[in-house]
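Shown here: final-v5.cif, mmCIF, C-alpha atoms.
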```cif
data_my_file
#
loop_
_atom_site.label_atom_id
_atom_site.label_comp_id
_atom_site.auth_asym_id
_atom_site.auth_seq_id
_atom_site.Cartn_x
_atom_site.Cartn_y
_atom_site.Cartn_z
CA GLU U 1 -15.38 -3.93 15.97
CA ALA U 2 -17.51 -2.70 13.07
CA GLY U 3 -16.49 -3.90 9.63
CA VAL U 4 -16.19 -2.05 6.35
CA ALA U 5 -19.49 -0.45 5.42
CA GLN U 6 -20.66 0.18 1.87
CA SER U 7 -23.74 1.64 0.29
CA PRO U 8 -25.81 1.16 -1.67
CA ARG U 9 -25.83 -2.64 -1.79
CA TYR U 10 -27.48 -2.75 -5.21
CA LYS U 11 -27.82 -0.28 -8.04
CA ILE U 12 -29.39 -0.53 -11.48
CA ILE U 13 -28.80 2.25 -13.98
CA GLU U 14 -28.92 2.78 -17.70
CA LYS U 15 -25.79 3.24 -19.77
CA ARG U 16 -24.48 6.78 -19.93
CA GLN U 17 -25.94 7.57 -16.49
CA SER U 18 -23.74 8.35 -13.51
CA VAL U 19 -23.51 6.50 -10.22
CA ALA U 20 -21.65 6.90 -6.92
CA PHE U 21 -20.68 4.40 -4.27
CA TRP U 22 -19.74 5.11 -0.67
CA CYS U 23 -17.35 3.29 1.68
CA ASN U 24 -16.58 3.69 5.38
CA PRO U 25 -13.51 1.67 6.37
CA ILE U 26 -12.73 0.04 9.70
CA SER U 27 -11.93 2.70 12.28
CA GLY U 28 -8.23 3.52 12.37
CA HIS U 29 -7.39 1.88 9.04
CA ALA U 30 -5.19 4.21 7.04
CA THR U 31 -5.31 2.30 3.76
CA LEU U 32 -8.46 2.02 1.66
CA TYR U 33 -8.93 0.11 -1.60
CA TRP U 34 -11.59 -0.04 -4.28
CA TYR U 35 -11.80 -3.27 -6.28
CA GLN U 36 -13.96 -4.25 -9.25
CA GLN U 37 -15.12 -7.87 -9.39
CA ILE U 38 -16.70 -9.02 -12.62
CA LEU U 39 -18.76 -12.21 -12.43
CA GLY U 40 -16.53 -15.28 -12.41
CA GLN U 41 -13.34 -13.28 -11.84
CA GLY U 42 -11.22 -12.32 -8.88
CA PRO U 43 -11.32 -8.74 -7.62
CA LYS U 44 -9.21 -6.23 -9.58
CA LEU U 45 -7.72 -3.20 -7.86
CA LEU U 46 -9.02 0.13 -9.14
CA ILE U 47 -7.48 2.56 -6.67
CA GLN U 48 -5.64 2.57 -3.36
CA PHE U 49 -5.55 5.41 -0.82
CA GLN U 50 -3.15 5.89 2.06
CA ASN U 51 -4.96 8.33 4.35
CA ASN U 52 -6.26 10.90 1.84
CA GLY U 53 -3.52 10.43 -0.77
CA VAL U 54 -3.63 8.17 -3.82
CA VAL U 55 -1.01 5.40 -3.77
CA ASP U 56 -2.00 3.49 -6.92
CA ASP U 57 -4.64 4.32 -9.52
CA SER U 58 -2.90 2.73 -12.49
CA GLN U 59 -5.88 0.48 -13.31
CA LEU U 60 -8.57 3.11 -12.83
CA PRO U 61 -10.25 4.12 -16.14
CA LYS U 62 -9.80 7.78 -15.46
CA ASP U 63 -11.90 8.93 -18.40
CA ARG U 64 -15.01 7.73 -16.56
CA PHE U 65 -14.06 6.68 -13.04
CA SER U 66 -13.08 8.97 -10.19
CA ALA U 67 -12.56 8.44 -6.47
CA GLU U 68 -11.81 10.58 -3.49
CA ARG U 69 -11.08 10.25 0.20
CA LEU U 70 -11.06 13.84 1.28
CA LYS U 71 -10.70 13.54 5.06
CA GLY U 72 -8.79 10.28 5.09
CA VAL U 73 -11.78 8.24 6.29
CA ASP U 74 -14.82 7.74 4.04
CA SER U 75 -14.40 7.36 0.31
CA THR U 76 -16.61 7.68 -2.74
CA LEU U 77 -16.18 6.05 -6.14
CA LYS U 78 -18.00 7.58 -9.10
CA ILE U 79 -18.65 6.36 -12.62
CA GLN U 80 -19.71 8.90 -15.22
CA PRO U 81 -20.87 7.93 -17.78
CA ALA U 82 -21.46 4.24 -17.13
CA LYS U 83 -20.99 1.57 -19.79
CA LEU U 84 -22.47 -1.90 -20.02
CA GLU U 85 -19.11 -3.47 -19.18
CA ASP U 86 -19.08 -1.64 -15.83
CA SER U 87 -21.63 -4.15 -14.52
CA ALA U 88 -19.80 -5.74 -11.61
CA VAL U 89 -19.50 -5.82 -7.85
CA TYR U 90 -17.52 -2.91 -6.43
CA LEU U 91 -15.72 -3.92 -3.27
CA CYS U 92 -14.16 -1.60 -0.75
CA ALA U 93 -11.44 -2.92 1.55
CA SER U 94 -9.27 -1.44 4.26
CA SER U 95 -6.11 -2.34 6.10
CA LEU U 96 -4.24 -0.84 9.02
CA ARG U 97 -1.26 0.53 7.12
CA GLY U 98 -1.04 -1.26 3.77
CA GLN U 99 0.84 -4.53 4.03
CA GLU U 100 -1.44 -6.19 6.52
CA THR U 101 -4.59 -8.19 5.95
CA GLN U 102 -7.26 -6.41 3.95
CA TYR U 103 -10.84 -6.57 5.20
CA PHE U 104 -13.62 -6.30 2.66
CA GLY U 105 -17.01 -4.67 2.78
CA PRO U 106 -20.17 -6.38 1.46
CA GLY U 107 -19.82 -4.68 -1.93
CA THR U 108 -22.15 -2.80 -4.24
CA ARG U 109 -23.68 -4.79 -7.09
CA LEU U 110 -24.00 -2.57 -10.14
CA LEU U 111 -26.05 -3.51 -13.18
CA VAL U 112 -25.82 -1.24 -16.21
CA LEU U 113 -28.63 -1.73 -18.75
CA GLY V 1 3.71 -8.58 -14.95
CA GLN V 2 1.92 -10.83 -12.52
CA ASN V 3 -0.02 -14.02 -13.22
CA ILE V 4 -1.89 -16.20 -10.74
CA ASP V 5 -3.37 -19.56 -11.73
CA GLN V 6 -5.77 -21.77 -9.83
CA PRO V 7 -8.29 -24.40 -10.93
CA THR V 8 -11.70 -23.07 -11.88
CA GLU V 9 -13.83 -25.68 -10.12
CA MET V 10 -13.46 -28.55 -7.67
CA THR V 11 -15.93 -30.93 -6.07
CA ALA V 12 -15.68 -32.96 -2.88
CA THR V 13 -17.86 -34.75 -0.35
CA GLU V 14 -18.58 -33.96 3.28
CA GLY V 15 -15.87 -35.12 5.65
CA ALA V 16 -13.25 -35.36 2.93
CA ILE V 17 -10.00 -33.41 2.48
CA VAL V 18 -9.44 -31.14 -0.51
CA GLN V 19 -6.34 -29.29 -1.69
CA ILE V 20 -6.66 -26.17 -3.82
CA ASN V 21 -3.48 -25.27 -5.67
CA CYS V 22 -2.26 -21.86 -6.73
CA THR V 23 0.76 -21.02 -8.85
CA TYR V 24 2.02 -17.51 -9.32
CA GLN V 25 4.51 -15.64 -11.48
CA THR V 26 5.32 -12.24 -10.12
CA SER V 27 8.08 -9.71 -10.55
CA GLY V 28 8.28 -9.37 -6.78
CA PHE V 29 6.78 -11.22 -3.83
CA ASN V 30 5.58 -9.77 -0.56
CA GLY V 31 3.24 -12.46 0.69
CA LEU V 32 0.33 -14.65 -0.38
CA PHE V 33 -3.23 -14.59 0.95
CA TRP V 34 -6.16 -16.96 0.72
CA TYR V 35 -9.69 -15.60 0.93
CA GLN V 36 -13.05 -17.38 1.03
CA GLN V 37 -15.98 -15.86 -0.81
CA HIS V 38 -19.51 -17.20 -0.55
CA ALA V 39 -21.82 -16.37 -3.43
CA GLY V 40 -23.02 -12.79 -3.22
CA GLU V 41 -20.80 -11.97 -0.25
CA ALA V 42 -17.49 -10.21 0.34
CA PRO V 43 -14.19 -12.11 0.49
CA THR V 44 -13.17 -13.05 4.02
CA PHE V 45 -9.57 -13.60 5.11
CA LEU V 46 -8.42 -17.20 5.65
CA SER V 47 -4.62 -17.23 5.74
CA TYR V 48 -1.39 -15.41 5.02
CA ASN V 49 1.99 -16.89 4.08
CA VAL V 50 5.18 -14.93 3.58
CA LEU V 51 7.76 -17.59 4.49
CA ASP V 52 8.02 -21.13 3.11
CA GLY V 53 6.14 -23.80 4.96
CA LEU V 54 2.78 -24.73 6.34
CA GLU V 55 0.48 -22.48 8.35
CA GLU V 56 -2.29 -24.34 10.17
CA LYS V 57 -5.47 -22.75 11.46
CA GLY V 58 -8.12 -25.21 12.56
CA ARG V 59 -9.53 -27.16 9.62
CA PHE V 60 -7.69 -24.93 7.15
CA SER V 61 -3.96 -24.99 6.34
CA SER V 62 -1.97 -23.08 3.76
CA PHE V 63 1.42 -23.95 2.31
CA LEU V 64 3.92 -21.81 0.45
CA SER V 65 7.01 -22.57 -1.62
CA ARG V 66 8.53 -19.33 -2.85
CA SER V 67 11.16 -21.06 -5.01
CA LYS V 68 8.42 -22.90 -6.91
CA GLY V 69 5.94 -20.03 -6.98
CA TYR V 70 3.39 -22.38 -5.47
CA SER V 71 0.86 -22.41 -2.69
CA TYR V 72 -2.01 -24.63 -1.67
CA LEU V 73 -4.96 -24.35 0.66
CA LEU V 74 -5.89 -27.56 2.45
CA LEU V 75 -9.39 -27.98 3.83
CA LYS V 76 -10.03 -30.90 6.19
CA GLU V 77 -13.27 -32.44 7.45
CA LEU V 78 -15.23 -30.67 4.76
CA GLN V 79 -18.64 -29.28 5.63
CA MET V 80 -21.45 -28.16 3.36
CA LYS V 81 -20.82 -24.56 4.43
CA ASP V 82 -17.33 -24.78 2.88
CA SER V 83 -18.97 -24.57 -0.55
CA ALA V 84 -17.61 -21.25 -1.78
CA SER V 85 -15.04 -19.64 -4.03
CA TYR V 86 -11.46 -19.65 -2.76
CA LEU V 87 -9.28 -16.79 -3.94
CA CYS V 88 -5.50 -16.86 -4.03
CA ALA V 89 -3.92 -13.38 -3.93
CA VAL V 90 -0.36 -12.11 -4.03
CA LEU V 91 0.80 -8.81 -2.62
CA ASN V 92 2.04 -6.65 -5.49
CA GLN V 93 5.62 -5.57 -6.06
CA ALA V 94 5.22 -2.54 -3.83
CA GLY V 95 3.83 -4.74 -1.08
CA THR V 96 0.59 -2.85 -0.89
CA ALA V 97 -2.34 -4.01 -3.06
CA LEU V 98 -3.45 -7.58 -3.78
CA ILE V 99 -3.38 -9.29 -7.17
CA PHE V 100 -6.12 -11.93 -7.20
CA GLY V 101 -6.48 -15.13 -9.13
CA LYS V 102 -9.85 -15.91 -10.70
CA GLY V 103 -10.85 -18.11 -7.79
CA THR V 104 -11.66 -21.80 -7.38
CA THR V 105 -15.32 -22.69 -6.87
CA LEU V 106 -15.56 -25.59 -4.43
CA SER V 107 -18.77 -27.59 -4.25
CA VAL V 108 -19.22 -29.86 -1.26
CA SER V 109 -21.90 -32.54 -1.50
CA SER V 110 -23.33 -34.91 1.07
#
```
Kindly present the structure from the file in structure tokens form.
Amino acid sequence: EAGVAQSPRYKIIEKRQSVAFWCNPISGHATLYWYQQILGQGPKLLIQFQNNGVVDDSQLPKDRFSAERLKGVDSTLKIQPAKLEDSAVYLCASSLRGQETQYFGPGTRLLVL
Amino acid sequence: GQNIDQPTEMTATEGAIVQINCTYQTSGFNGLFWYQQHAGEAPTFLSYNVLDGLEEKGRFSSFLSRSKGYSYLLLKELQMKDSASYLCAVLNQAGTALIFGKGTTLSVSS
């Protein structure tokens, strides 16, 4: 069974630029999550989708971050404009329905200069 | 609010046993997970506890006491490859997303 796929794996941008990350969850998983992991910290939930609907985006900085999952499968996370403090690893995870084990992708390492 | 505490760092030697503790204070509880994360890699699932008691899976065991808001991960017969960060995570009040602790970095030496 293929795992969660993410791209790109690494991205370096300058502050005020925009960036987008892509995630393809495990086939059949209805729930998709985006987490932000700052160095030395545990992952922090940014947004959770159930199929193509948003379940929880309470910790998403909506002035600069946006995410979509239009067809209930792949998802994109966008940052516009980026700030220095956005430097982190962005992890995508999926689970079958929501309360089961979450499986993580390899993450995208973002460095904002 | 939700708060999850675990030690920042631990060290141990090959072949030894180590116990990583996690305490949590949450407004609701829907289960506790342990994940392993090697440097530069994604977290991988180790264990899940929703009822009190010990869950054993090979060299790894996890214990939960809901009344004490306490869990531990027990690693036996330590190997060098067990050097990693171990993340304790609680399912949020809605029982959907995970709230992670900061992780415990375990260093195993020969």
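Residue nearest Ser47 (chain V), chosen from V:Ala97, V:Ile4, V:Cys22, V:Leu73 and counting only C-alpha atoms: V:Leu73.
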With 9 Å as the threshold, what does the neighbourhood of (-19.4, -0.6, -6.6) contain in terms of residues, counting all atoms listed in the file? Coordinates are those of the file; answer as an mmCIF file with C-alpha atoms, keeping the file's coordinate frame.
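Final output, part_23.cif:
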```cif
data_model
loop_
_atom_site.group_PDB
_atom_site.id
_atom_site.type_symbol
_atom_site.label_atom_id
_atom_site.label_comp_id
_atom_site.auth_asym_id
_atom_site.auth_seq_id
_atom_site.Cartn_x
_atom_site.Cartn_y
_atom_site.Cartn_z
ATOM 1 C CA GLN U 6 -20.660 0.180 1.870
ATOM 2 C CA SER U 7 -23.740 1.640 0.290
ATOM 3 C CA PRO U 8 -25.810 1.160 -1.670
ATOM 4 C CA ARG U 9 -25.830 -2.640 -1.790
ATOM 5 C CA TYR U 10 -27.480 -2.750 -5.210
ATOM 6 C CA LYS U 11 -27.820 -0.280 -8.040
ATOM 7 C CA VAL U 19 -23.510 6.500 -10.220
ATOM 8 C CA ALA U 20 -21.650 6.900 -6.920
ATOM 9 C CA PHE U 21 -20.680 4.400 -4.270
ATOM 10 C CA TRP U 22 -19.740 5.110 -0.670
ATOM 11 C CA TRP U 34 -11.590 -0.040 -4.280
ATOM 12 C CA TYR U 35 -11.800 -3.270 -6.280
ATOM 13 C CA GLN U 36 -13.960 -4.250 -9.250
ATOM 14 C CA GLN U 37 -15.120 -7.870 -9.390
ATOM 15 C CA LEU U 77 -16.180 6.050 -6.140
ATOM 16 C CA LYS U 78 -18.000 7.580 -9.100
ATOM 17 C CA SER U 87 -21.630 -4.150 -14.520
ATOM 18 C CA ALA U 88 -19.800 -5.740 -11.610
ATOM 19 C CA VAL U 89 -19.500 -5.820 -7.850
ATOM 20 C CA TYR U 90 -17.520 -2.910 -6.430
ATOM 21 C CA LEU U 91 -15.720 -3.920 -3.270
ATOM 22 C CA CYS U 92 -14.160 -1.600 -0.750
ATOM 23 C CA GLY U 107 -19.820 -4.680 -1.930
ATOM 24 C CA THR U 108 -22.150 -2.800 -4.240
ATOM 25 C CA ARG U 109 -23.680 -4.790 -7.090
ATOM 26 C CA LEU U 110 -24.000 -2.570 -10.140
#
```
request  = Apply the PyMOL selection byres ((chain U and resi 28) around 12) to the structure shown and report the selected residues as an MDAnalysis selection string.
outcome  = chainID U and resid 1:4 24:27 29:32 50:51 72:74 94:97
To verify the selection step, state as a CSV table (one decimal) with C-alpha atoms, in the coordinates of the input which residues the PyMOL selection byres ((chain V) within 8 of (chain U)) yields on this input.
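Output contents, as saved in part.csv:
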```
chain,number,residue,atom,x,y,z
V,41,GLU,CA,-20.8,-12.0,-0.2
V,42,ALA,CA,-17.5,-10.2,0.3
V,43,PRO,CA,-14.2,-12.1,0.5
V,44,THR,CA,-13.2,-13.0,4.0
V,45,PHE,CA,-9.6,-13.6,5.1
V,48,TYR,CA,-1.4,-15.4,5.0
V,87,LEU,CA,-9.3,-16.8,-3.9
V,91,LEU,CA,0.8,-8.8,-2.6
V,95,GLY,CA,3.8,-4.7,-1.1
V,96,THR,CA,0.6,-2.8,-0.9
V,97,ALA,CA,-2.3,-4.0,-3.1
V,98,LEU,CA,-3.4,-7.6,-3.8
V,99,ILE,CA,-3.4,-9.3,-7.2
V,100,PHE,CA,-6.1,-11.9,-7.2
V,101,GLY,CA,-6.5,-15.1,-9.1
V,102,LYS,CA,-9.8,-15.9,-10.7
V,103,GLY,CA,-10.8,-18.1,-7.8
```
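When the PyMOL selection byres ((chain V and resi 106) around 7) is evaluated on the file shown here, the picked residues come out as Glu9, Met10, Thr11, Ser83, Ala84, Ser85, Thr104, Thr105, Ser107 and Val108 of chain V.
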remark   = A straight line from CA of Ser71 (chain V) to CA of Leu32 (chain V) spans 8.1 Å
Return as lines of an AutoDock Vina configuration file the box centre and box size in Å, one decimal, for an axis-aligned box around all listed atoms of region 21-40 of chain V padded by 3 Å per side.
```
center_x = -7.4
center_y = -17.3
center_z = -5.2
size_x = 37.3
size_y = 21.9
size_z = 18.5
```
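In this model, the gap between CA of Phe49 (chain U) and CA of Ile13 (chain U) comes to 26.9 Å.
Residues surrounding Arg66 (chain V) within 12 Å are Cys22, Thr23, Tyr24, Gln25, Thr26, Gly28, Phe29, Asn30, Gly31, Leu32, Asn49, Val50, Leu51, Asp52, Gly53, Tyr70, Ser71, Tyr72 and Val90 of chain V [only C-alpha atoms; sequence separation below 4 positions excluded].
Here CA of Gln59 (chain U) is placed at a distance of 16.7 Å from CA of Thr76 (chain U).
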